>>> print(open('protein-v8.txt').read())   # compact mmCIF, C-alpha atoms
# COMPACT_ATOMS: atom_id res chain seq x y z
CA MET A 1 -57.22 26.31 -10.15
CA THR A 2 -55.08 25.89 -7.07
CA PHE A 3 -55.11 22.27 -5.94
CA ILE A 4 -54.49 21.57 -2.27
CA ASN A 5 -53.96 17.98 -1.17
CA TYR A 6 -54.21 17.60 2.62
CA ALA A 7 -53.18 13.94 2.44
CA SER A 8 -49.85 14.56 0.71
CA ARG A 9 -49.67 18.12 2.13
CA GLU A 10 -49.11 19.79 -1.22
CA ILE A 11 -50.27 22.99 -2.89
CA ASN A 12 -50.16 23.05 -6.69
CA CYS A 13 -50.58 26.28 -8.65
CA LYS A 14 -50.49 27.00 -12.37
CA ILE A 15 -48.64 29.98 -13.84
CA VAL A 16 -48.79 30.76 -17.56
CA TYR A 17 -46.23 32.82 -19.49
CA TYR A 18 -48.01 34.65 -22.30
CA GLY A 19 -46.78 36.98 -25.04
CA PRO A 20 -46.14 37.39 -28.77
CA GLY A 21 -44.05 34.98 -30.83
CA LEU A 22 -40.29 35.06 -30.13
CA CYS A 23 -40.64 37.35 -27.08
CA GLY A 24 -38.72 34.96 -24.81
CA LYS A 25 -41.34 32.93 -22.91
CA THR A 26 -39.53 29.64 -23.44
CA THR A 27 -36.20 31.35 -22.67
CA ASN A 28 -37.63 32.42 -19.27
CA LEU A 29 -38.53 28.81 -18.48
CA GLN A 30 -35.23 27.52 -19.81
CA TYR A 31 -33.33 29.91 -17.55
CA ILE A 32 -35.39 28.92 -14.50
CA TYR A 33 -34.81 25.27 -15.36
CA ASP A 34 -31.07 25.68 -15.81
CA SER A 35 -30.68 27.68 -12.58
CA THR A 36 -32.74 25.48 -10.28
CA ALA A 37 -31.38 22.66 -8.14
CA PRO A 38 -32.31 19.21 -9.54
CA GLN A 39 -34.35 18.26 -6.45
CA ALA A 40 -36.58 21.36 -6.85
CA LYS A 41 -37.63 20.76 -10.43
CA GLY A 42 -39.12 18.15 -12.72
CA LYS A 43 -38.41 17.76 -16.41
CA LEU A 44 -38.78 20.66 -18.80
CA ILE A 45 -41.22 19.42 -21.41
CA SER A 46 -41.27 21.30 -24.70
CA LEU A 47 -43.86 20.53 -27.33
CA ALA A 48 -42.14 22.41 -30.14
CA THR A 49 -41.92 22.40 -33.91
CA GLU A 50 -38.84 21.22 -35.76
CA THR A 51 -37.63 24.82 -35.78
CA ASP A 52 -37.97 25.08 -31.98
CA ARG A 53 -41.08 27.26 -31.98
CA THR A 54 -43.51 26.25 -29.23
CA LEU A 55 -46.29 24.22 -30.83
CA PHE A 56 -48.54 23.50 -27.86
CA PHE A 57 -46.80 24.40 -24.60
CA ASP A 58 -43.63 24.18 -22.52
CA PHE A 59 -44.05 22.87 -19.02
CA MET A 60 -41.95 22.55 -15.91
CA PRO A 61 -42.90 21.85 -12.29
CA LEU A 62 -40.97 23.87 -9.71
CA GLU A 63 -40.95 23.29 -5.96
CA LEU A 64 -40.33 26.41 -3.93
CA GLY A 65 -40.36 25.02 -0.39
CA THR A 66 -42.99 24.69 2.32
CA VAL A 67 -45.64 27.06 3.62
CA ARG A 68 -47.32 26.05 6.88
CA GLY A 69 -46.11 22.49 6.33
CA PHE A 70 -47.38 22.29 2.76
CA LYS A 71 -45.02 21.62 -0.12
CA THR A 72 -45.54 24.42 -2.63
CA ARG A 73 -45.29 23.43 -6.27
CA PHE A 74 -45.72 25.78 -9.20
CA HIS A 75 -46.53 24.39 -12.62
CA LEU A 76 -45.03 26.78 -15.16
CA TYR A 77 -46.45 26.80 -18.68
CA THR A 78 -45.77 28.85 -21.77
CA VAL A 79 -48.18 29.30 -24.66
CA PRO A 80 -47.25 29.30 -28.35
CA GLY A 81 -46.90 32.94 -29.38
CA GLN A 82 -47.66 32.70 -33.08
CA VAL A 83 -51.03 34.16 -33.97
CA TYR A 84 -52.31 30.98 -35.66
CA TYR A 85 -51.97 28.85 -32.49
CA ASP A 86 -54.83 30.62 -30.73
CA ALA A 87 -56.82 27.43 -30.05
CA SER A 88 -53.85 26.03 -28.10
CA ARG A 89 -53.42 29.24 -26.12
CA LYS A 90 -57.03 29.10 -24.95
CA LEU A 91 -56.61 25.54 -23.70
CA ILE A 92 -53.49 26.33 -21.71
CA LEU A 93 -55.21 29.17 -19.85
CA LYS A 94 -57.70 26.70 -18.35
CA GLY A 95 -57.23 26.53 -14.61
CA VAL A 96 -54.62 29.29 -14.54
CA ASP A 97 -53.73 30.86 -11.17
CA GLY A 98 -51.37 33.59 -12.38
CA VAL A 99 -50.15 35.10 -15.65
CA VAL A 100 -46.83 36.62 -16.71
CA PHE A 101 -47.02 38.69 -19.87
CA VAL A 102 -43.62 38.76 -21.58
CA ALA A 103 -43.37 41.79 -23.83
CA ASP A 104 -40.70 42.15 -26.52
CA SER A 105 -39.12 45.60 -25.97
CA GLN A 106 -38.03 46.05 -29.59
CA GLU A 107 -39.69 48.88 -31.46
CA GLU A 108 -40.80 46.69 -34.37
CA ARG A 109 -42.57 44.28 -32.00
CA MET A 110 -44.81 46.86 -30.34
CA ASP A 111 -47.85 46.03 -32.44
CA ALA A 112 -47.32 42.32 -31.73
CA ASN A 113 -47.24 43.06 -27.98
CA ILE A 114 -50.47 45.02 -28.12
CA GLU A 115 -52.18 42.36 -30.22
CA SER A 116 -51.04 39.58 -27.90
CA LEU A 117 -52.15 41.46 -24.80
CA TYR A 118 -55.57 41.99 -26.33
CA ASN A 119 -55.64 38.30 -27.23
CA LEU A 120 -54.79 37.42 -23.61
CA GLU A 121 -57.72 39.44 -22.29
CA GLU A 122 -60.06 37.89 -24.82
CA ASN A 123 -58.93 34.34 -24.14
CA LEU A 124 -59.12 34.84 -20.38
CA GLU A 125 -62.66 36.10 -20.74
CA SER A 126 -63.59 33.08 -22.84
CA GLN A 127 -62.44 30.89 -19.92
CA GLY A 128 -64.39 32.94 -17.38
CA TYR A 129 -61.48 34.96 -16.00
CA GLU A 130 -60.88 38.69 -15.77
CA LEU A 131 -57.36 39.99 -16.09
CA ASN A 132 -58.17 42.61 -13.46
CA LYS A 133 -58.86 39.97 -10.84
CA LEU A 134 -56.03 37.59 -11.67
CA PRO A 135 -52.47 37.61 -10.25
CA TYR A 136 -50.54 39.25 -13.07
CA VAL A 137 -47.03 40.54 -13.80
CA LEU A 138 -45.63 42.36 -16.82
CA GLN A 139 -42.09 41.63 -17.99
CA MET A 140 -40.32 43.87 -20.51
CA ASN A 141 -37.85 41.49 -22.10
CA LYS A 142 -34.84 41.95 -24.39
CA ARG A 143 -33.73 45.18 -22.70
CA ASP A 144 -30.17 44.54 -23.92
CA LEU A 145 -31.02 45.06 -27.59
CA PRO A 146 -30.18 48.36 -29.33
CA ASN A 147 -33.60 49.21 -30.74
CA VAL A 148 -35.70 49.02 -27.58
CA ILE A 149 -38.57 51.36 -26.70
CA PRO A 150 -38.03 53.42 -23.48
CA MET A 151 -39.59 51.83 -20.39
CA GLU A 152 -42.02 54.69 -19.80
CA ASP A 153 -43.46 54.34 -23.31
CA LEU A 154 -43.80 50.57 -22.98
CA THR A 155 -45.41 50.98 -19.58
CA TYR A 156 -47.87 53.53 -20.94
CA GLU A 157 -48.87 51.18 -23.75
CA LEU A 158 -48.91 47.85 -21.95
CA GLN A 159 -49.59 48.29 -18.25
CA LYS A 160 -53.20 47.31 -17.55
CA LYS A 161 -53.88 47.65 -13.85
CA GLY A 162 -50.81 48.87 -11.98
CA GLU A 163 -49.27 45.40 -12.07
CA PRO A 164 -45.59 44.96 -11.15
CA ILE A 165 -43.25 45.52 -14.10
CA PHE A 166 -39.80 43.99 -14.52
CA GLU A 167 -37.07 44.76 -17.01
CA ALA A 168 -35.51 41.56 -18.25
CA VAL A 169 -32.90 39.96 -20.44
CA ALA A 170 -34.10 36.37 -20.28
CA THR A 171 -31.08 35.02 -22.16
CA ASN A 172 -28.78 35.93 -19.23
CA GLY A 173 -31.41 35.64 -16.49
CA THR A 174 -31.81 39.34 -15.67
CA GLY A 175 -35.27 39.88 -14.18
CA VAL A 176 -36.36 36.26 -14.70
CA PHE A 177 -36.57 35.22 -11.05
CA ASP A 178 -37.88 38.64 -9.96
CA THR A 179 -40.78 38.15 -12.35
CA LEU A 180 -41.46 34.62 -11.12
CA LYS A 181 -41.30 35.66 -7.48
CA ALA A 182 -43.71 38.54 -8.03
CA VAL A 183 -46.36 36.39 -9.67
CA ALA A 184 -45.90 33.48 -7.23
CA LYS A 185 -46.33 35.88 -4.31
CA GLN A 186 -49.55 37.22 -5.77
CA VAL A 187 -50.89 33.69 -6.28
CA LEU A 188 -50.17 32.71 -2.67
CA THR A 189 -51.61 35.97 -1.37
CA GLU A 190 -54.76 35.22 -3.37
CA LEU A 191 -54.95 31.86 -1.61
CA ARG A 192 -55.09 33.65 1.70
CA LYS A 193 -57.86 35.95 0.50
CA SER A 194 -60.01 33.15 -0.91
CA MET B 195 -64.98 34.18 -12.39
CA SER B 196 -64.03 30.50 -12.58
CA HIS B 197 -60.86 30.88 -10.52
CA SER B 198 -61.20 28.55 -7.55
CA THR B 199 -59.31 26.31 -5.20
CA PHE B 200 -59.91 22.58 -4.94
CA ILE B 201 -59.05 20.97 -1.65
CA ILE B 202 -58.86 17.24 -1.18
CA GLN B 203 -58.98 15.89 2.36
CA GLU B 204 -57.27 12.78 3.69
CA GLN B 205 -60.44 10.64 3.80
CA HIS B 206 -61.34 11.35 0.18
CA PHE B 207 -57.76 10.83 -0.93
CA GLN B 208 -57.64 7.41 0.75
CA LYS B 209 -60.96 6.38 -0.82
CA LEU B 210 -59.67 7.38 -4.25
CA LYS B 211 -56.42 5.49 -3.68
CA THR B 212 -58.41 2.37 -2.77
CA ILE B 213 -60.45 2.59 -5.97
CA LEU B 214 -57.33 3.13 -8.08
CA ALA B 215 -55.60 0.15 -6.42
CA ARG B 216 -58.59 -2.09 -7.10
CA LEU B 217 -58.91 -0.88 -10.68
CA CYS B 218 -55.21 -1.49 -11.29
CA VAL B 219 -55.57 -5.12 -10.17
CA GLU B 220 -58.91 -5.74 -11.91
CA CYS B 221 -57.75 -4.51 -15.30
CA ALA B 222 -54.20 -5.86 -14.92
CA GLY B 223 -52.85 -2.36 -15.50
CA ARG B 224 -49.29 -1.23 -14.91
CA VAL B 225 -50.31 2.05 -13.29
CA VAL B 226 -53.53 4.02 -12.85
CA PHE B 227 -53.66 7.80 -12.45
CA LEU B 228 -56.38 10.19 -11.45
CA VAL B 229 -55.55 13.58 -12.96
CA ASP B 230 -57.25 16.94 -12.78
CA ARG B 231 -58.20 18.34 -16.20
CA ASP B 232 -55.81 21.22 -15.50
CA GLY B 233 -52.96 18.71 -15.44
CA GLN B 234 -52.37 18.08 -11.75
CA THR B 235 -51.99 14.58 -10.35
CA ILE B 236 -54.67 13.84 -7.75
CA ALA B 237 -53.60 10.26 -6.98
CA PHE B 238 -52.03 7.22 -8.61
CA HIS B 239 -51.43 3.55 -7.95
CA GLY B 240 -49.10 1.02 -9.54
CA ASP B 241 -45.62 0.62 -10.90
CA ILE B 242 -44.35 4.04 -11.95
CA GLY B 243 -40.71 2.98 -12.29
CA ASP B 244 -38.78 6.13 -13.12
CA MET B 245 -41.74 7.79 -14.84
CA ASP B 246 -42.05 11.55 -14.31
CA THR B 247 -45.62 11.52 -12.99
CA THR B 248 -45.98 15.32 -12.89
CA SER B 249 -45.11 15.68 -16.56
CA PHE B 250 -47.22 12.66 -17.44
CA SER B 251 -50.31 14.24 -15.83
CA SER B 252 -49.70 17.57 -17.50
CA LEU B 253 -49.37 15.95 -20.91
CA ALA B 254 -52.44 13.73 -20.36
CA ALA B 255 -54.49 16.84 -19.59
CA GLY B 256 -53.06 18.66 -22.61
CA ASN B 257 -53.87 15.66 -24.75
CA VAL B 258 -57.50 15.53 -23.59
CA ALA B 259 -57.85 19.31 -23.92
CA ALA B 260 -56.65 19.09 -27.53
CA THR B 261 -58.84 16.11 -28.48
CA SER B 262 -61.88 17.71 -26.80
CA SER B 263 -61.38 20.80 -28.94
CA MET B 264 -61.02 18.59 -32.02
CA ALA B 265 -64.29 16.88 -31.05
CA LYS B 266 -66.07 20.23 -31.04
CA LEU B 267 -64.67 21.08 -34.48
CA ILE B 268 -66.31 17.98 -35.95
CA GLY B 269 -69.59 18.53 -34.13
CA GLU B 270 -69.03 16.17 -31.18
CA ASP B 271 -69.52 17.54 -27.69
CA VAL B 272 -66.60 15.64 -26.18
CA PHE B 273 -64.64 12.41 -26.62
CA PRO B 274 -65.42 10.62 -23.35
CA ALA B 275 -62.42 8.34 -23.81
CA VAL B 276 -59.05 8.52 -25.56
CA PHE B 277 -56.88 5.51 -26.40
CA HIS B 278 -53.24 5.38 -27.50
CA GLU B 279 -51.87 2.05 -28.61
CA GLY B 280 -48.14 1.42 -28.35
CA GLU B 281 -45.97 -1.52 -29.31
CA ARG B 282 -45.66 -2.63 -25.68
CA GLU B 283 -47.48 -0.11 -23.50
CA SER B 284 -50.83 1.53 -24.16
CA ILE B 285 -52.79 4.32 -22.50
CA PHE B 286 -56.52 4.56 -21.96
CA ILE B 287 -57.97 7.84 -20.68
CA SER B 288 -61.54 8.17 -19.45
CA VAL B 289 -62.94 11.67 -18.91
CA ILE B 290 -64.91 12.05 -15.67
CA GLY B 291 -66.24 15.59 -15.36
CA ARG B 292 -63.23 17.73 -14.61
CA SER B 293 -60.95 14.76 -13.96
CA LEU B 294 -59.29 12.03 -16.00
CA LEU B 295 -58.85 8.40 -15.12
CA VAL B 296 -55.73 7.19 -16.92
CA VAL B 297 -54.73 3.53 -17.20
CA VAL B 298 -51.32 2.49 -18.51
CA PHE B 299 -51.29 -1.19 -19.49
CA ASP B 300 -49.27 -3.69 -21.49
CA GLU B 301 -49.84 -7.04 -23.22
CA ARG B 302 -51.01 -8.63 -19.97
CA SER B 303 -54.30 -6.78 -20.39
CA THR B 304 -56.66 -5.82 -23.21
CA LEU B 305 -58.45 -2.64 -24.19
CA GLY B 306 -61.82 -4.32 -23.65
CA LEU B 307 -61.01 -5.30 -20.10
CA VAL B 308 -59.59 -1.87 -19.29
CA LYS B 309 -62.66 -0.12 -20.69
CA LEU B 310 -65.04 -2.37 -18.79
CA ARG B 311 -63.31 -2.00 -15.42
CA THR B 312 -62.67 1.71 -15.85
CA LYS B 313 -66.33 2.40 -16.45
CA ARG B 314 -67.36 1.05 -13.06
CA ALA B 315 -64.53 2.82 -11.28
CA SER B 316 -65.44 6.09 -13.04
CA PHE B 317 -68.80 6.26 -11.30
CA GLU B 318 -67.25 5.68 -7.90
CA VAL B 319 -64.52 8.25 -8.52
CA ALA B 320 -67.10 10.79 -9.72
CA ASP B 321 -69.10 10.35 -6.48
CA ILE B 322 -66.07 10.87 -4.26
CA LEU B 323 -64.88 13.89 -6.25
CA GLU B 324 -68.30 15.45 -5.99
CA GLU B 325 -68.32 14.93 -2.23
CA ALA B 326 -64.77 16.34 -2.02
CA SER B 327 -65.78 19.30 -4.14
CA LYS B 328 -68.70 20.12 -1.82
CA GLN B 329 -66.40 20.01 1.17
CA SER B 330 -63.75 21.98 -0.66
CA ALA B 331 -65.56 25.30 -0.32
CA PHE B 332 -66.10 24.74 3.38
CA SER B 333 -62.49 23.64 3.88
CA MET B 334 -61.15 26.76 2.20
CA ASN B 335 -62.89 28.98 4.72
CA ASN B 336 -61.27 27.01 7.50
CA SER B 337 -57.96 26.29 5.87
CA VAL B 338 -54.56 27.03 7.29
CA PHE B 339 -53.97 29.35 4.35
CA ALA B 340 -56.39 31.91 5.66
CA GLU B 341 -53.73 32.70 8.25
CA ILE B 342 -50.77 32.67 5.91
CA THR B 343 -48.51 35.68 6.55
CA ASP B 344 -46.32 37.79 4.29
CA GLU B 345 -43.34 36.32 6.17
CA ASP B 346 -44.47 32.78 5.26
CA ILE B 347 -44.57 33.75 1.60
CA ASP B 348 -41.29 35.66 1.72
CA SER B 349 -39.55 32.69 3.35
CA LEU B 350 -40.15 30.67 0.17
CA PHE B 351 -37.96 33.04 -1.79
CA SER B 352 -35.19 33.62 0.69
>>> encode(input="protein-v8.txt", output="structure tokens")
Amino acid sequence: MTFINYASREINCKIVYYGPGLCGKTTNLQYIYDSTAPQAKGKLISLATETDRTLFFDFMPLELGTVRGFKTRFHLYTVPGQVYYDASRKLILKGVDGVVFVADSQEERMDANIESLYNLEENLESQGYELNKLPYVLQMNKRDLPNVIPMEDLTYELQKKGEPIFEAVATNGTGVFDTLKAVAKQVLTELRKS
Amino acid sequence: MSHSTFIIQEQHFQKLKTILARLCVECAGRVVFLVDRDGQTIAFHGDIGDMDTTSFSSLAAGNVAATSSMAKLIGEDVFPAVFHEGERESIFISVIGRSLLVVVFDERSTLGLVKLRTKRASFEVADILEEASKQSAFSMNNSVFAEITDEDIDSLFS
């Protein structure tokens, strides 16, 4: 749910990074955090296990600048990817304005991508959303690894509605900001429509 | 589809701030927050020191979301209030519809006092939020964002 405060002249939107375990959702956020000027970001909060797997969510607020005199702030969240954290994933989707699906390009993770994408659709539906009507971007991550599936095959399997697709290597930042920009643009465009 | 935009106008914001300020004094709290259940700060009053209020709100909402789900698992509909007791500082969260009233207090106050004062404030906050919510739909149709251009959006990323 986009929250607009006319008194403090702020727009707040929520973007969720979704995807299977170890696909690089937290790495996306970490890269954005590391590359953003201190005045444009808040703290990066990570609710993780002792082995650094996301337990509940990662969160960081990011200020992009002003639109029509309103400060635009995006709240970026990741969900835990492991299958058994489904209850947490559902909660984090509440009030979402835009979704980034981070797919793991490695051949052996294809089934996990498909399962996670199906889980995303299901969980969105349980919160009253439809993927087809939501700002949505698909990121093919880990393109630098040797055993990746060709882009056209991944696209065929994972693209749902003609959404923008970005190749990424989140560890070095390739495609990270392009993905964020694409989803943020869709969210703001949606604001105009509504 | 439940996707929607919530707009809060100046007059509602000021009314909420007044209630939070009064509540903060009445319950001898350190700081009082009004937070959306999606984790966004609506308003706050009190001594925030160097607290990261954005993260605080997000975590408060995550906390309530998790405890509400736990409530359902044990057959409760919802936990209307959540309390965390610390050595020096404590947190009391009252759930008001889709918002949370959060009081941070120390040894100068007591849980009983906080609960009592928060209850009264909750009703007033609920009324104002309902009024704001009704106006929100109207405001969206007349908002400046209806005229937002592609150039406006692009300028954010330049």
>>> closest_residue(input="protein-v8.txt", among="B:Gln208, B:Thr199, B:Ser352, B:Ser263", to="chain A", atoms="all atoms listed in the file")
B:Thr199
>>> closest_residue(input="protein-v8.txt", among="A:Pro164, A:Gly65, A:Gly128, A:Gly175", to="Asn141 of chain A", atoms="all atoms listed in the file")
A:Gly175
>>> interface_residues(input="protein-v8.txt", of="chain B", to="chain A", cutoff="8 Å", atoms="only C-alpha atoms", output="PyMOL selection string")
chain B and resi 195-204+207+232+234+236+246+248-249+252+256+259-260+334-335+338-342+344+346-348+350-351
>>> atom_distance(input="protein-v8.txt", atom1="atom CA of Pro274 of chain B", atom2="atom CA of Leu295 of chain B")
10.8 Å
>>> atom_distance(input="protein-v8.txt", atom1="atom CA of Ala237 of chain B", atom2="atom CA of Val276 of chain B")
19.4 Å
>>> closest_residue(input="protein-v8.txt", among="B:Val226, B:Ile287, B:Val272, B:Leu267", to="Ala255 of chain B", atoms="only C-alpha atoms")
B:Ile287
>>> atom_distance(input="protein-v8.txt", atom1="atom CA of Arg311 of chain B", atom2="atom CA of Met264 of chain B")
26.5 Å
>>> residues_around(input="protein-v8.txt", residues="Leu117 of chain A", least_positions_apart="2", cutoff="9 Å", atoms="only C-alpha atoms", output="MDAnalysis selection string")
chainID A and resid 18:20 101 103 112:115 119:122 158
>>> build_atoms(input="protein-v8.txt", residues="segment 4-26 of chain A", atoms="N, CA and C atoms", output="PDB file, in the frame of the given file")
ATOM      1  N   ILE A   4     -55.117  21.808  -3.566  1.00  0.00           N
ATOM      2  CA  ILE A   4     -54.490  21.570  -2.270  1.00  0.00           C
ATOM      3  C   ILE A   4     -54.811  20.140  -1.830  1.00  0.00           C
ATOM      4  N   ASN A   5     -53.767  19.357  -1.596  1.00  0.00           N
ATOM      5  CA  ASN A   5     -53.960  17.980  -1.170  1.00  0.00           C
ATOM      6  C   ASN A   5     -53.532  17.871   0.302  1.00  0.00           C
ATOM      7  N   TYR A   6     -54.521  17.682   1.189  1.00  0.00           N
ATOM      8  CA  TYR A   6     -54.210  17.600   2.620  1.00  0.00           C
ATOM      9  C   TYR A   6     -53.527  16.288   2.970  1.00  0.00           C
ATOM     10  N   ALA A   7     -53.773  15.249   2.142  1.00  0.00           N
ATOM     11  CA  ALA A   7     -53.180  13.940   2.440  1.00  0.00           C
ATOM     12  C   ALA A   7     -51.669  13.977   2.172  1.00  0.00           C
ATOM     13  N   SER A   8     -51.296  14.506   1.003  1.00  0.00           N
ATOM     14  CA  SER A   8     -49.850  14.560   0.710  1.00  0.00           C
ATOM     15  C   SER A   8     -49.247  15.902   1.102  1.00  0.00           C
ATOM     16  N   ARG A   9     -50.070  16.775   1.678  1.00  0.00           N
ATOM     17  CA  ARG A   9     -49.670  18.120   2.130  1.00  0.00           C
ATOM     18  C   ARG A   9     -48.921  18.870   1.023  1.00  0.00           C
ATOM     19  N   GLU A  10     -49.671  19.103  -0.050  1.00  0.00           N
ATOM     20  CA  GLU A  10     -49.110  19.790  -1.220  1.00  0.00           C
ATOM     21  C   GLU A  10     -50.059  20.872  -1.721  1.00  0.00           C
ATOM     22  N   ILE A  11     -49.482  21.973  -2.178  1.00  0.00           N
ATOM     23  CA  ILE A  11     -50.270  22.990  -2.890  1.00  0.00           C
ATOM     24  C   ILE A  11     -49.710  23.032  -4.301  1.00  0.00           C
ATOM     25  N   ASN A  12     -50.595  22.966  -5.292  1.00  0.00           N
ATOM     26  CA  ASN A  12     -50.160  23.050  -6.690  1.00  0.00           C
ATOM     27  C   ASN A  12     -50.822  24.245  -7.363  1.00  0.00           C
ATOM     28  N   CYS A  13     -50.038  25.105  -7.970  1.00  0.00           N
ATOM     29  CA  CYS A  13     -50.580  26.280  -8.650  1.00  0.00           C
ATOM     30  C   CYS A  13     -50.073  26.316 -10.096  1.00  0.00           C
ATOM     31  N   LYS A  14     -50.854  26.959 -10.949  1.00  0.00           N
ATOM     32  CA  LYS A  14     -50.490  27.000 -12.370  1.00  0.00           C
ATOM     33  C   LYS A  14     -50.210  28.442 -12.811  1.00  0.00           C
ATOM     34  N   ILE A  15     -49.024  28.650 -13.345  1.00  0.00           N
ATOM     35  CA  ILE A  15     -48.640  29.980 -13.840  1.00  0.00           C
ATOM     36  C   ILE A  15     -48.385  29.877 -15.345  1.00  0.00           C
ATOM     37  N   VAL A  16     -48.949  30.793 -16.100  1.00  0.00           N
ATOM     38  CA  VAL A  16     -48.790  30.760 -17.560  1.00  0.00           C
ATOM     39  C   VAL A  16     -48.006  31.992 -18.034  1.00  0.00           C
ATOM     40  N   TYR A  17     -46.973  31.741 -18.846  1.00  0.00           N
ATOM     41  CA  TYR A  17     -46.230  32.820 -19.490  1.00  0.00           C
ATOM     42  C   TYR A  17     -46.849  33.064 -20.866  1.00  0.00           C
ATOM     43  N   TYR A  18     -47.288  34.290 -21.080  1.00  0.00           N
ATOM     44  CA  TYR A  18     -48.010  34.650 -22.300  1.00  0.00           C
ATOM     45  C   TYR A  18     -47.231  35.747 -23.025  1.00  0.00           C
ATOM     46  N   GLY A  19     -47.461  35.905 -24.307  1.00  0.00           N
ATOM     47  CA  GLY A  19     -46.780  36.980 -25.040  1.00  0.00           C
ATOM     48  C   GLY A  19     -46.664  36.651 -26.513  1.00  0.00           C
ATOM     49  N   PRO A  20     -46.225  37.616 -27.317  1.00  0.00           N
ATOM     50  CA  PRO A  20     -46.140  37.390 -28.770  1.00  0.00           C
ATOM     51  C   PRO A  20     -45.038  36.395 -29.134  1.00  0.00           C
ATOM     52  N   GLY A  21     -45.058  35.928 -30.359  1.00  0.00           N
ATOM     53  CA  GLY A  21     -44.050  34.980 -30.830  1.00  0.00           C
ATOM     54  C   GLY A  21     -42.642  35.535 -30.670  1.00  0.00           C
ATOM     55  N   LEU A  22     -41.713  34.708 -30.253  1.00  0.00           N
ATOM     56  CA  LEU A  22     -40.290  35.060 -30.130  1.00  0.00           C
ATOM     57  C   LEU A  22     -40.000  36.139 -29.085  1.00  0.00           C
ATOM     58  N   CYS A  23     -40.894  36.312 -28.089  1.00  0.00           N
ATOM     59  CA  CYS A  23     -40.640  37.350 -27.080  1.00  0.00           C
ATOM     60  C   CYS A  23     -39.755  36.844 -25.951  1.00  0.00           C
ATOM     61  N   GLY A  24     -39.609  35.508 -25.842  1.00  0.00           N
ATOM     62  CA  GLY A  24     -38.720  34.960 -24.810  1.00  0.00           C
ATOM     63  C   GLY A  24     -39.424  34.188 -23.695  1.00  0.00           C
ATOM     64  N   LYS A  25     -40.604  33.697 -23.936  1.00  0.00           N
ATOM     65  CA  LYS A  25     -41.340  32.930 -22.910  1.00  0.00           C
ATOM     66  C   LYS A  25     -40.587  31.624 -22.590  1.00  0.00           C
ATOM     67  N   THR A  26     -40.248  30.903 -23.644  1.00  0.00           N
ATOM     68  CA  THR A  26     -39.530  29.640 -23.440  1.00  0.00           C
ATOM     69  C   THR A  26     -38.159  29.908 -22.823  1.00  0.00           C
TER      70      THR A  26
END
